[in-house]
Structures are given as C-alpha cells and as structure tokens.
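Pasting work_15.csv here (CSV, C-alpha atoms):
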```
chain,number,residue,atom,x,y,z
A,1,MET,CA,105.9,110.4,109.3
A,2,ASN,CA,102.5,111.4,110.4
A,3,ARG,CA,102.2,115.2,110.2
A,4,HIS,CA,99.4,115.1,112.8
A,5,ASN,CA,101.4,113.2,115.4
A,6,GLU,CA,103.3,115.5,117.8
A,7,ARG,CA,106.0,113.0,118.4
A,8,ASP,CA,106.6,112.4,114.7
A,9,VAL,CA,106.7,116.1,113.9
A,10,HIS,CA,109.1,116.8,116.8
A,11,ASP,CA,111.4,113.9,115.8
A,12,ALA,CA,111.5,115.0,112.2
A,13,LEU,CA,112.4,118.6,113.2
A,14,PHE,CA,114.9,117.4,115.8
A,15,HIS,CA,116.7,115.1,113.3
A,16,ALA,CA,116.8,117.8,110.6
A,17,CYS,CA,118.1,120.3,113.0
A,18,VAL,CA,120.8,118.0,114.4
A,19,LEU,CA,121.9,116.9,110.9
A,20,ALA,CA,122.1,120.5,109.8
A,21,VAL,CA,124.1,121.5,113.0
A,22,ALA,CA,126.4,118.5,112.4
A,23,GLU,CA,127.2,119.8,108.9
A,24,GLY,CA,127.9,123.2,110.5
A,25,PHE,CA,130.0,121.6,113.3
A,26,PRO,CA,131.8,118.9,111.2
A,27,HIS,CA,134.3,118.1,113.9
A,28,LEU,CA,131.5,116.8,116.2
A,29,ALA,CA,129.8,113.4,116.1
A,30,VAL,CA,126.0,113.4,115.9
A,31,ARG,CA,125.8,111.5,119.1
A,32,ASP,CA,127.8,114.2,120.9
A,33,ILE,CA,125.4,116.9,119.6
A,34,ILE,CA,122.4,114.9,120.8
A,35,GLU,CA,123.9,114.1,124.2
A,36,PRO,CA,127.0,116.3,124.7
A,37,PRO,CA,129.8,114.9,126.9
A,38,HIS,CA,130.3,117.1,130.0
A,39,ASP,CA,133.7,118.4,128.8
A,40,LEU,CA,132.7,119.2,125.2
A,41,PHE,CA,131.5,122.8,125.4
A,42,ASP,CA,131.2,123.1,121.6
A,43,ALA,CA,128.9,120.1,121.5
A,44,ALA,CA,126.7,121.7,124.2
A,45,LEU,CA,126.6,124.9,122.0
A,46,ALA,CA,125.7,122.7,119.0
A,47,ARG,CA,122.8,121.1,120.8
A,48,GLN,CA,121.7,124.6,121.9
A,49,VAL,CA,121.7,125.7,118.3
A,50,ALA,CA,119.6,122.7,117.3
A,51,ILE,CA,117.1,123.5,120.1
A,52,HIS,CA,117.1,127.2,119.1
A,53,LEU,CA,116.3,126.2,115.5
A,54,MET,CA,113.4,124.0,116.6
A,55,VAL,CA,111.8,126.9,118.6
A,56,ALA,CA,112.9,130.0,116.6
A,57,ARG,CA,113.0,128.7,113.1
A,58,PHE,CA,110.3,126.1,113.1
A,59,GLY,CA,108.0,127.5,115.8
A,60,LEU,CA,107.8,124.4,118.0
A,61,PRO,CA,106.4,125.5,121.3
A,62,LYS,CA,109.0,125.5,124.1
A,63,ARG,CA,106.8,123.4,126.3
A,64,ARG,CA,106.7,120.7,123.7
A,65,VAL,CA,110.5,120.8,123.4
A,66,VAL,CA,110.8,120.5,127.1
A,67,GLU,CA,108.6,117.5,127.1
A,68,MET,CA,109.9,115.7,124.1
A,69,GLN,CA,113.6,116.4,124.9
A,70,GLN,CA,113.1,115.6,128.6
A,71,ARG,CA,114.9,118.8,129.5
A,72,SER,CA,114.0,121.4,132.1
A,73,ARG,CA,112.4,124.7,131.1
A,74,GLU,CA,115.5,126.3,132.5
A,75,ALA,CA,117.8,124.3,130.2
A,76,ILE,CA,115.6,125.2,127.1
A,77,ASN,CA,115.5,128.9,128.1
A,78,ARG,CA,119.2,128.9,128.7
A,79,ALA,CA,119.8,127.4,125.2
A,80,LEU,CA,117.7,130.0,123.6
A,81,ALA,CA,119.3,132.8,125.5
A,82,THR,CA,122.8,131.5,124.8
A,83,VAL,CA,122.2,131.3,121.0
A,84,ASP,CA,120.4,134.7,121.0
A,85,CYS,CA,123.4,136.3,122.7
A,86,ARG,CA,125.8,134.6,120.2
A,87,LEU,CA,123.7,135.8,117.3
A,88,GLU,CA,124.8,139.3,118.1
A,89,THR,CA,128.2,138.4,116.6
A,90,ALA,CA,128.1,138.8,112.8
A,91,ALA,CA,130.2,135.7,112.1
A,92,PHE,CA,128.1,133.5,114.3
A,93,GLU,CA,124.9,134.9,112.8
A,94,THR,CA,126.1,134.1,109.3
A,95,HIS,CA,127.0,130.6,110.3
A,96,TYR,CA,123.7,130.1,112.1
A,97,ARG,CA,121.7,131.3,109.0
A,98,MET,CA,123.6,128.8,106.9
A,99,ILE,CA,122.7,126.0,109.4
A,100,ALA,CA,119.1,127.2,109.5
A,101,LYS,CA,118.8,127.2,105.8
A,102,ARG,CA,120.1,123.6,105.6
A,103,ALA,CA,117.7,122.6,108.4
A,104,GLY,CA,114.8,124.1,106.4
A,105,GLU,CA,115.9,122.1,103.3
A,106,LEU,CA,116.0,118.9,105.3
A,107,VAL,CA,112.6,119.5,106.8
A,108,ASP,CA,111.1,120.3,103.4
A,109,ALA,CA,112.6,117.1,101.9
A,110,ARG,CA,111.2,115.1,104.8
A,111,MET,CA,107.7,116.6,104.4
A,112,GLU,CA,107.8,115.8,100.6
A,113,ASP,CA,108.7,112.2,101.4
A,114,ALA,CA,105.8,112.1,103.9
A,115,ALA,CA,103.3,113.4,101.4
```
Can the structure in the file be given as structure tokens, please?
Amino acid sequence: MNRHNERDVHDALFHACVLAVAEGFPHLAVRDIIEPPHDLFDAALARQVAIHLMVARFGLPKRRVVEMQQRSREAINRALATVDCRLETAAFETHYRMIAKRAGELVDARMEDAA
C-alpha cells in the first residue's frame, strides 16, 4: 500500500471498515455489506456503518468517499445521518464503538505492514 496514493488509502480504510463491520454483523456476508441486496436492510445499515467509520472515525473527506465508492452525495449524507441517528441509542453506540475500535486496529496493522 502506498500511503501517498488516494486510491490505496481509501481501499485500505474501506477494507478495514468492512471487515470490522462484518465482525460486528456476523450473520452478513462481506459481499452483502459491500453491495447490499435490495431486501437486506441490515446489510444496508452495515454498509452505512462502514461509510460512517471512513468519514467520522478516519476523517476521509466525504467527496473522496463519493468518488471512490461511486455513490451520490445524497447516499453518503443519508448514510452518515442514519448512523448518527442510530448512535443516539446506547446499545447501538456501544456496538458501534466496538466496531470502530476493531477498524482502528485493522488500519493500524495495515499501516505497520506498509511501513
């Protein structure tokens, strides 16, 4: 991974976030988190959590997420708003923090490997 390449950084963050979310939503396949089937609302929420982590936890600019994920600004903003709303629930916030911590560990390990 090249730390100075936007695509490499995005991909590393995305993969770490998806893997952490998959651990937090063990009933979902990774492929369903990446591209949720229309009828799996929990998979859509899981992807929204991954996107939220990329922006809120790791500081990736929304415009970069829009571009790299090939999603609309509205979809990214909706994901952020949905997760922000869910974070008002204590149980969800606790679970989110666990996923965020794991994502951080995965990113740190990836950065160490890249050094």
Find the spatial neighbours of Ala22 of chain A, counting all atoms listed in the file, within a cut-off of 10 Å - ignore same-chain residues fewer than 2 positions away - and output them as a PyMOL selection string. chain A and resi 16-20+24-34+43+46-47+50+99
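Atom to atom, atom CA of Val55 of chain A and atom CA of Leu80 of chain A stand 8.3 Å apart.
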Fewer than 3 positions away in the same chain doesn't count, so skip those; otherwise give me all residues within 12 Å of Ala56 of chain A, counting only C-alpha atoms, as a list of chain:residue names. A:Leu13, A:Cys17, A:Gln48, A:Val49, A:Ala50, A:Ile51, A:His52, A:Leu53, A:Gly59, A:Leu60, A:Pro61, A:Lys62, A:Val65, A:Ile76, A:Asn77, A:Ala79, A:Leu80, A:Ala81, A:Val83, A:Asp84, A:Tyr96, A:Arg97, A:Ala100, A:Gly104
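Counting from atom CA of Met111 of chain A, the distance to atom CA of Arg73 of chain A is 28.3 Å.
Each of A:Ala44, A:Ala90, A:Met68, A:Met54 was compared to Ala103 of chain A using all atoms listed in the file, and A:Met54 turns out to be the nearest.
Distance-wise, atom CA of Leu45 of chain A and atom CA of Glu105 of chain A end up 21.7 Å apart.
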